[in-house]
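*Asks:* The following file, upload_12.csv, comprises CSV, C-alpha atoms and all ligand atoms:
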chain,number,residue,atom,x,y,z
D,28,MET,CA,50.5,43.5,152.1
D,29,VAL,CA,46.7,43.8,151.9
D,30,VAL,CA,44.4,40.9,152.5
D,31,LYS,CA,40.8,41.2,151.3
D,32,ALA,CA,37.7,39.1,151.4
D,33,ASP,CA,36.7,38.7,147.7
D,34,GLY,CA,33.0,39.1,148.3
D,35,LEU,CA,31.0,42.1,149.5
D,36,ALA,CA,31.7,42.9,153.1
D,37,ALA,CA,30.5,46.5,153.5
D,38,GLY,CA,34.0,47.9,153.8
D,39,LYS,CA,34.9,45.5,156.6
D,40,GLY,CA,36.7,42.8,154.6
D,41,VAL,CA,40.1,44.5,154.3
D,42,VAL,CA,43.1,43.9,156.5
D,43,VAL,CA,46.3,46.0,156.0
D,44,ALA,CA,48.9,43.6,157.4
D,45,GLU,CA,52.2,45.0,158.5
D,46,THR,CA,53.8,41.6,159.1
D,47,LEU,CA,53.5,38.2,157.5
D,48,ALA,CA,52.0,36.8,160.7
D,49,GLU,CA,49.2,39.4,160.6
D,50,ALA,CA,48.6,38.6,156.9
D,51,GLU,CA,48.4,34.8,157.7
D,52,ALA,CA,46.0,35.5,160.6
D,53,ALA,CA,43.8,37.6,158.3
D,54,VAL,CA,43.7,34.8,155.7
D,55,GLU,CA,42.8,32.3,158.4
D,56,THR,CA,40.0,34.5,159.8
D,57,ILE,CA,38.5,35.3,156.4
D,58,LEU,CA,38.7,31.7,155.1
D,59,GLY,CA,37.6,30.4,158.4
D,60,GLY,CA,34.2,31.9,158.0
D,61,GLY,CA,34.7,35.2,159.9
D,62,LEU,CA,32.9,37.1,157.1
D,63,GLY,CA,30.5,34.4,156.0
D,64,ALA,CA,30.2,33.8,152.2
D,65,ALA,CA,32.0,37.0,151.4
D,66,GLY,CA,35.2,35.4,152.6
D,67,ALA,CA,35.0,32.2,150.6
D,68,GLU,CA,38.0,33.5,148.6
D,69,VAL,CA,40.6,36.0,149.5
D,70,VAL,CA,42.6,38.5,147.4
D,71,ILE,CA,46.1,39.3,148.4
D,72,GLU,CA,47.5,42.6,147.1
D,73,GLU,CA,50.6,44.7,147.3
D,74,PHE,CA,50.3,47.5,149.9
D,75,MET,CA,50.0,50.9,148.2
D,76,ALA,CA,51.3,54.0,150.0
D,77,GLY,CA,49.8,57.5,149.4
D,78,GLU,CA,46.5,59.3,149.9
D,79,GLU,CA,43.3,57.6,148.8
D,80,ALA,CA,40.6,59.4,146.8
D,81,SER,CA,37.3,58.5,145.1
D,82,PHE,CA,36.8,59.5,141.5
D,83,PHE,CA,33.3,59.3,140.0
D,84,VAL,CA,32.5,59.2,136.3
D,85,LEU,CA,29.5,58.4,134.2
D,86,VAL,CA,30.0,56.2,131.2
D,87,ASP,CA,27.6,55.5,128.4
D,88,GLY,CA,29.7,52.9,126.6
D,89,GLU,CA,31.8,55.4,124.6
D,90,THR,CA,31.9,58.7,126.5
D,91,VAL,CA,33.4,59.1,130.0
D,92,LEU,CA,32.2,62.1,131.9
D,93,PRO,CA,33.8,63.0,135.2
D,94,ILE,CA,31.2,64.1,137.8
D,95,GLY,CA,33.3,64.7,140.9
D,96,THR,CA,35.9,63.6,143.4
D,97,ALA,CA,35.7,62.9,147.1
D,98,GLN,CA,37.6,61.5,150.1
D,99,ASP,CA,36.1,59.5,152.8
D,100,HIS,CA,37.2,58.5,156.3
D,101,LYS,CA,37.1,54.7,156.7
D,102,ARG,CA,38.2,54.3,160.3
D,103,ALA,CA,35.5,54.4,163.0
D,104,PHE,CA,37.1,56.9,165.4
D,105,ALA,CA,38.7,60.3,165.5
D,106,GLY,CA,42.3,60.6,164.3
D,107,ASP,CA,41.6,57.8,161.7
D,108,THR,CA,41.8,55.2,164.4
D,109,GLY,CA,39.7,52.1,165.2
D,110,PRO,CA,38.3,49.5,162.9
D,111,ASN,CA,37.5,50.0,159.2
D,112,THR,CA,33.9,50.9,158.4
D,113,GLY,CA,32.0,51.6,155.2
D,114,GLY,CA,32.9,55.3,155.7
D,115,MET,CA,32.3,57.7,158.6
D,116,GLY,CA,32.2,60.9,156.6
D,117,ALA,CA,33.4,62.4,153.3
D,118,TYR,CA,34.2,65.7,151.6
D,119,SER,CA,34.2,66.9,148.0
D,120,PRO,CA,36.2,67.9,146.1
D,121,ALA,CA,39.3,65.9,147.1
D,122,PRO,CA,42.2,68.3,147.2
D,123,VAL,CA,44.6,65.5,146.2
D,124,MET,CA,42.7,65.2,142.9
D,125,THR,CA,44.3,68.1,141.2
D,126,PRO,CA,43.5,68.6,137.5
D,127,GLY,CA,46.7,66.9,136.6
D,128,VAL,CA,46.0,63.8,138.7
D,129,GLU,CA,42.4,63.7,137.4
D,130,GLN,CA,43.7,63.8,133.8
D,131,ALA,CA,46.2,61.1,134.5
D,132,ALA,CA,43.5,58.9,136.1
D,133,LEU,CA,41.3,59.4,133.0
D,134,GLU,CA,43.9,58.8,130.4
D,135,ARG,CA,45.9,56.0,132.0
D,136,ILE,CA,43.3,54.1,134.0
D,137,ILE,CA,39.7,54.8,133.2
D,138,ARG,CA,39.6,55.4,129.5
D,139,PRO,CA,41.8,52.4,128.7
D,140,THR,CA,39.5,50.1,130.9
D,141,MET,CA,36.4,51.4,129.2
D,142,ALA,CA,37.9,51.0,125.7
D,143,GLU,CA,38.8,47.4,126.6
D,144,MET,CA,35.2,46.8,127.7
D,145,VAL,CA,34.0,48.1,124.3
D,146,ARG,CA,36.6,45.9,122.5
D,147,ARG,CA,35.4,42.8,124.3
D,148,GLY,CA,31.8,43.5,123.2
D,149,MET,CA,30.5,44.5,126.7
D,150,PRO,CA,30.5,48.3,126.8
D,151,TYR,CA,30.0,49.6,130.3
D,152,ARG,CA,27.1,52.0,131.0
D,153,GLY,CA,26.5,53.6,134.4
D,154,VAL,CA,28.3,55.2,137.2
D,155,LEU,CA,31.9,54.1,137.8
D,156,TYR,CA,33.7,54.8,141.0
D,157,ALA,CA,37.5,54.5,140.8
D,158,GLY,CA,39.1,54.1,144.2
D,159,LEU,CA,42.6,55.6,143.6
D,160,MET,CA,45.8,55.9,145.6
D,161,ILE,CA,47.8,59.0,144.9
D,162,GLU,CA,51.5,59.0,145.6
D,163,ASP,CA,53.8,61.8,144.4
D,164,GLY,CA,51.1,63.1,142.1
D,165,ALA,CA,50.6,59.8,140.3
D,166,PRO,CA,47.3,57.9,140.6
D,167,ARG,CA,47.1,54.1,140.9
D,168,LEU,CA,43.9,52.1,140.8
D,169,VAL,CA,42.9,50.3,144.0
D,170,GLU,CA,39.5,49.1,142.9
D,171,TYR,CA,36.5,49.9,140.7
D,172,ASN,CA,33.0,49.9,142.1
D,173,VAL,CA,30.0,50.0,139.8
D,174,ARG,CA,28.0,52.2,142.1
D,175,PHE,CA,28.2,55.5,143.9
D,176,GLY,CA,30.2,55.6,147.2
D,177,ASP,CA,28.5,55.9,150.6
D,178,PRO,CA,28.9,58.5,152.0
D,179,GLU,CA,30.6,60.0,149.0
D,180,ALA,CA,27.3,60.1,147.1
D,181,GLN,CA,25.9,62.5,149.7
D,182,VAL,CA,28.6,65.1,149.1
D,183,LEU,CA,28.4,64.6,145.3
D,184,MET,CA,24.7,65.0,145.2
D,185,MET,CA,24.9,68.2,147.4
D,186,ARG,CA,27.3,69.7,144.9
D,187,LEU,CA,25.6,68.5,141.7
D,188,GLY,CA,22.0,69.3,142.8
D,189,ALA,CA,19.2,68.7,140.3
D,190,GLN,CA,21.6,68.4,137.3
D,191,ALA,CA,22.5,64.9,138.7
D,192,LEU,CA,19.1,63.7,137.2
D,193,ASP,CA,19.9,65.1,133.7
D,194,LEU,CA,23.3,63.6,133.8
D,195,MET,CA,22.0,60.2,134.7
D,196,LEU,CA,19.3,60.4,132.1
D,197,ALA,CA,22.0,61.4,129.5
D,198,CYS,CA,24.1,58.4,130.6
D,199,ALA,CA,21.2,55.9,130.4
D,200,SER,CA,20.2,57.1,127.0
D,201,GLY,CA,23.7,57.2,125.5
D,202,ARG,CA,23.8,61.0,125.2
D,203,LEU,CA,26.8,61.8,127.5
D,204,VAL,CA,28.7,63.2,124.6
D,205,GLU,CA,26.3,66.2,124.7
D,206,ALA,CA,26.3,66.5,128.5
D,207,ARG,CA,28.2,69.1,130.5
D,208,VAL,CA,28.6,69.3,134.2
D,209,ASP,CA,27.9,72.8,135.5
D,210,TRP,CA,30.6,73.0,138.2
D,211,ALA,CA,30.1,75.4,141.1
D,212,ASP,CA,33.2,76.5,142.9
D,213,ASP,CA,31.9,75.0,146.1
D,214,HIS,CA,32.6,72.3,148.8
D,215,ALA,CA,30.5,69.8,150.6
D,216,LEU,CA,31.2,67.7,153.7
D,217,THR,CA,29.1,65.0,155.4
D,218,VAL,CA,29.3,63.5,158.9
D,219,VAL,CA,27.9,60.0,159.5
D,220,LEU,CA,26.0,59.4,162.7
D,221,ALA,CA,26.4,55.7,163.5
D,222,ALA,CA,24.9,53.5,166.2
D,223,ASN,CA,27.2,52.9,169.2
D,224,GLY,CA,29.1,49.7,168.6
D,225,TYR,CA,29.2,50.1,164.8
D,226,PRO,CA,31.0,48.5,162.9
D,227,GLY,CA,30.7,45.7,165.4
D,228,ALA,CA,27.4,44.7,167.1
D,229,TYR,CA,24.9,47.5,167.7
D,230,ALA,CA,21.4,47.8,168.9
D,231,LYS,CA,18.5,48.8,166.7
D,232,GLY,CA,15.3,50.7,167.7
D,233,SER,CA,16.7,53.6,169.8
D,234,VAL,CA,14.8,56.9,169.5
D,235,ILE,CA,16.4,59.8,167.6
D,236,ASP,CA,15.0,63.3,168.5
D,237,GLY,CA,15.7,66.7,166.9
D,238,LEU,CA,15.4,65.6,163.3
D,239,ASP,CA,12.1,67.2,162.4
D,240,GLY,CA,13.1,70.8,163.0
D,241,LEU,CA,16.3,70.7,161.0
D,242,PRO,CA,16.7,72.8,157.8
D,243,GLU,CA,16.6,71.1,154.4
D,244,THR,CA,18.1,73.4,151.9
D,245,SER,CA,20.7,73.3,149.1
D,246,ARG,CA,23.3,74.1,151.8
D,247,GLU,CA,22.2,71.8,154.6
D,248,MET,CA,20.6,68.4,154.5
D,249,VAL,CA,20.3,65.3,156.6
D,250,PHE,CA,20.3,62.1,154.5
D,251,HIS,CA,18.7,59.1,156.2
D,252,ALA,CA,20.5,55.8,155.7
D,253,GLY,CA,19.2,53.5,158.4
D,254,THR,CA,16.1,55.0,160.1
D,255,GLU,CA,12.6,53.9,160.5
D,256,ARG,CA,9.5,56.0,161.2
D,257,ARG,CA,7.2,54.5,163.9
D,258,GLU,CA,4.3,56.2,165.7
D,259,GLY,CA,5.6,59.6,164.7
D,260,ARG,CA,9.1,59.1,166.0
D,261,TRP,CA,12.4,58.3,164.2
D,262,LEU,CA,14.1,55.1,165.3
D,263,ALA,CA,17.6,53.9,164.4
D,264,ALA,CA,17.4,50.9,162.1
D,265,GLY,CA,21.0,50.3,161.0
D,266,GLY,CA,24.7,50.8,161.7
D,267,ARG,CA,25.3,54.0,159.7
D,268,VAL,CA,22.1,55.8,160.4
D,269,LEU,CA,22.2,59.5,159.3
D,270,CYS,CA,24.5,61.7,157.3
D,271,ALA,CA,24.5,65.4,158.3
D,272,THR,CA,25.7,67.2,155.2
D,273,GLY,CA,26.7,70.8,154.5
D,274,ARG,CA,27.7,72.8,151.4
D,275,GLY,CA,29.6,76.1,151.3
D,276,ALA,CA,32.0,78.3,149.5
D,277,SER,CA,34.8,76.8,151.5
D,278,LEU,CA,35.3,73.4,153.1
D,279,ALA,CA,35.3,75.1,156.5
D,280,GLU,CA,31.9,76.6,155.8
D,281,ALA,CA,30.6,73.2,154.7
D,282,ALA,CA,32.0,71.6,157.8
D,283,GLU,CA,30.4,74.2,160.0
D,284,ARG,CA,27.0,73.5,158.5
D,285,ALA,CA,27.4,69.7,158.7
D,286,TYR,CA,28.5,69.8,162.3
D,287,GLY,CA,25.8,72.4,163.1
D,288,LEU,CA,23.2,69.8,162.0
D,289,ALA,CA,24.9,66.8,163.6
D,290,GLY,CA,25.0,68.7,167.0
D,291,ARG,CA,21.3,69.3,166.9
D,292,ILE,CA,20.4,65.7,166.6
D,293,ASP,CA,19.6,64.2,169.9
D,294,TRP,CA,20.6,60.6,169.9
D,295,PRO,CA,22.5,59.3,172.9
D,296,GLU,CA,22.8,55.8,171.4
D,297,GLY,CA,24.8,57.2,168.4
D,298,PHE,CA,28.2,58.7,167.7
D,299,PHE,CA,30.0,60.7,165.1
D,300,ARG,CA,33.6,61.6,164.3
D,301,PRO,CA,34.5,65.2,165.2
D,302,ASP,CA,37.3,65.4,162.7
D,303,ILE,CA,35.9,64.7,159.2
D,304,GLY,CA,38.0,66.5,156.6
D,305,TRP,CA,40.9,67.2,159.1
D,306,ARG,CA,43.6,66.8,156.5
D,307,ALA,CA,41.9,69.1,153.9
D,308,LEU,CA,40.9,71.6,156.6
D,309,GLY,CA,44.5,71.9,157.8
D,310,ARG,CA,43.6,70.7,161.3
D,311,ASP,CA,45.3,68.1,163.4
D,312,CYS,CA,44.0,64.5,163.3
D,313,LEU,CA,41.6,65.1,166.2
D,314,GLY,CA,39.9,68.0,164.3
D,315,ARG,CA,41.3,70.8,166.5
D,401,LIG,N1,32.8,54.8,151.2
D,401,LIG,C1,33.4,53.8,150.5
D,401,LIG,C2,32.5,53.0,149.6
D,401,LIG,O1,31.4,53.4,149.3
D,401,LIG,O2,32.9,52.0,149.1
Write the structure described by the file as C-alpha cells, please.

*Replies:*
Amino acid sequence: MVVKADGLAAGKGVVVAETLAEAEAAVETILGGGLGAAGAEVVIEEFMAGEEASFFVLVDGETVLPIGTAQDHKRAFAGDTGPNTGGMGAYSPAPVMTPGVEQAALERIIRPTMAEMVRRGMPYRGVLYAGLMIEDGAPRLVEYNVRFGDPEAQVLMMRLGAQALDLMLACASGRLVEARVDWADDHALTVVLAANGYPGAYAKGSVIDGLDGLPETSREMVFHAGTERREGRWLAAGGRVLCATGRGASLAEAAERAYGLAGRIDWPEGFFRPDIGWRALGRDCLGR
C-alpha cells in the first residue's frame, strides 16, 4: 500500500510500503512530525502497478483541451534508485500515453470530473495535471494537481513554444473551444541539476560556472529553478537548481542536446542523473 502525507511535501511525502510494518513505520514518521504540518494527516491508498505518466490539459469550465504528456523520474539516482524527489528529469511525449490511452483518460477520468465540477456550481478553470498509472493499456488516476509539473513544464514549454501563451489566454478568457494546439512531431527531454545532498540536506551558495556561454534557442535551453545572481556570478540557491533541456526530431536527439548542455555546466557541488528517459530510449536503467 501507499502512505502519503496529506499536505504539500514537494514530492517527498510518499512511501510505497511493501509490508505492513513499513506502512506502520511510515504512518508513525509522518504523523510524528517528520514532514512538519504537511504530515498532520495521512492518506492510505491501494498500491497501483504500471507505468506512471503525466497528462496536462487546459480547462475553461466547459472545454477540456489536451496540451501534452510527459514522464518524469522521481528517484534521485541512476537506475531509478534512491529517495523520492520532486523529479530529476522528464521527457515529452510519454510513449505510454498512446492515442487510445489519452482518449480513455479524457473520457473516463478527466471529462467526468470536470462535468461534476460544473454540476456542483464550481467549474474549474486553469491547467489540470492528471497523474496517471497505466497498466495493460488502461489509465487509472493517481492524483490531480492544479498546476504544471516540475520538471514536466520545462519539456512541455519547449514543445509548445510561444503558442503556450495564446492557449493560456484562451483558457483564462473562456475561449478554449476555439483553440487548437499546433503539434509538432518532436520530442523534448530535461535533466535536473540538483545540489549534492538533495533531497536531503544540501548547502546553498556554491558557484556555478559555464552558464553564460550556453545557447538559448528553441532547441536548447537551461531553465533556472534555484539560482541567484550575485556580483556577476551564478550561485546555487535551492535543491533542484537548473534544468538542461533539449528538443529534437527524436528523443535521442533531444537527450543529446540536454546532456550536451548539462555537461558544459561547471558545478562540482551539484549532480544530475545520467539516465533520464532510459525506458523510452531503449537503454538499460543506467542509461547505457
Ligand atoms: N514532477 C512531479 C510534479 O511536479 O508533481

*Asks:* As an exercise, work out the distance from atom CA of Glu205 of chain D to atom CA of Leu159 of chain D in Å and give it to one decimal place.

*Replies:* 27.1 Å

*Asks:* May I ask which of the residues D:Pro178, D:Pro242, D:Gly224, D:Pro93 is the closest one to Asp209 of chain D, counting all atoms listed in the file?

*Replies:*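 With all atoms listed in the file as the atom set, the closest residue is D:Pro93.
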
*Asks:* All residues within 9 Å of ligand LIG 401 (chain D) are required, counting all atoms listed in the file; please report them as a list in words.

*Replies:*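 Listing the residues within 9 Å of ligand LIG 401 (chain D) gives Ala37, Gly38, Ser81, Gln98, Asp99, His100, Lys101, Thr112, Gly113, Gly114, Met115, Gly116, Ala117, Tyr156, Gly158, Asn172, Arg174, Phe175, Gly176, Asp177, Pro178, Glu179 and Ala180 of chain D.
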
*Asks:* Contacts of Gly153 of chain D at 9 Å or less, counting all atoms listed in the file, minus same-chain residues fewer than 4 places along, as a PyMOL selection string?

*Replies:* chain D and resi 84-88+173-174+195+198-199

*Asks:* When you draw a straight line from atom CA of Ala197 of chain D to atom CA of Ala80 of chain D, how long is it in Å?

*Replies:*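 For atom CA of Ala197 of chain D relative to atom CA of Ala80 of chain D, the distance reads 25.5 Å.
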
*Asks:* Rank D:Glu296, D:Asp33, D:Glu89, D:Glu129 by their smallest atom-to-atom distance to Glu68 of chain D, using all atoms listed in the file, and report the top residue only.

*Replies:* D:Asp33

*Asks:* Can you tell me which residues surround Ala264 of chain D at a distance of at most 9 Å, considering only C-alpha atoms, apart from same-chain residues fewer than 4 positions away, and format the answer as a list in words?

*Replies:*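 Non-adjacent residues within range: Ala222, Ala230, Lys231, Gly232, Ser233, Ala252, Gly253, Thr254, Glu255 and Val268 of chain D.
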
*Asks:* Any idea what's packed within 7 Å of Phe83 of chain D, counting all atoms listed in the file, ignoring anything in its chain fewer than 6 positions away? Could you give it as a list in words?

*Replies:*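 Listing them by chain and then by number gives Pro93, Ile94, Gly95, Thr96, Leu155, Tyr156 and Ala157 of chain D.
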
*Asks:* If we count all atoms listed in the file, what is near Ile292 of chain D at a cut-off of 7 Å, once residues fewer than 2 positions away on the same chain are taken out, given as a list in words?

*Replies:*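 Counting all atoms listed in the file, the residues come to Asp236, Gly237, Leu238, Leu288, Ala289, Gly290 and Trp294 of chain D.
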
*Asks:* Could you please take those selected residues and save C-alpha atoms as a PDB file, keeping the file's coordinate frame?

*Replies:*
ATOM      1  CA  ASP D 236      15.000  63.300 168.500  1.00  0.00           C
ATOM      2  CA  GLY D 237      15.700  66.700 166.900  1.00  0.00           C
ATOM      3  CA  LEU D 238      15.400  65.600 163.300  1.00  0.00           C
ATOM      4  CA  LEU D 288      23.200  69.800 162.000  1.00  0.00           C
ATOM      5  CA  ALA D 289      24.900  66.800 163.600  1.00  0.00           C
ATOM      6  CA  GLY D 290      25.000  68.700 167.000  1.00  0.00           C
ATOM      7  CA  TRP D 294      20.600  60.600 169.900  1.00  0.00           C
TER       8      TRP D 294
END

*Asks:* Given the choices D:Ala53, D:Ala281, D:Ala76, D:Val208, which gets closest to Gly188 of chain D if the distance is worked out from all atoms listed in the file?

*Replies:*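 Result for the nearest residue to Gly188 of chain D: D:Val208.
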
*Asks:* D:Val29, D:Met75, D:Met184, D:Ala282: which is nearest Val54 of chain D, counting all atoms listed in the file?

*Replies:*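 Going through D:Val29, D:Met75, D:Met184, D:Ala282 one by one, the smallest distance to Val54 of chain D is for D:Val29.
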
*Asks:* Would you compute the distance between atom CA of Ser245 of chain D and atom CA of Leu308 of chain D? Give it in Å to one decimal.

*Replies:* 21.6 Å

*Asks:* Show me, as a list in words, the residues that have an atom within 8 Å of Ala221 of chain D when counting all atoms listed in the file, minus same-chain residues fewer than 2 positions from it.

*Replies:*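 Neighbouring residues, sequence-local ones excluded: Met115, Val219, Asn223, Tyr225, Gly266, Arg267, Val268, Leu269, Gly297, Phe298 and Phe299 of chain D.
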
*Asks:* Using all atoms listed in the file, which residue out of D:Leu133, D:Val69, D:Leu62, D:Leu168 lies closest to Ala50 of chain D?

*Replies:*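 Using all atoms listed in the file, the shortest distance to Ala50 of chain D belongs to D:Val69.
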
*Asks:* I'd like to know which of D:Arg260, D:His251, D:Arg138, D:Arg207 is closest to Leu220 of chain D, using all atoms listed in the file.

*Replies:* D:His251
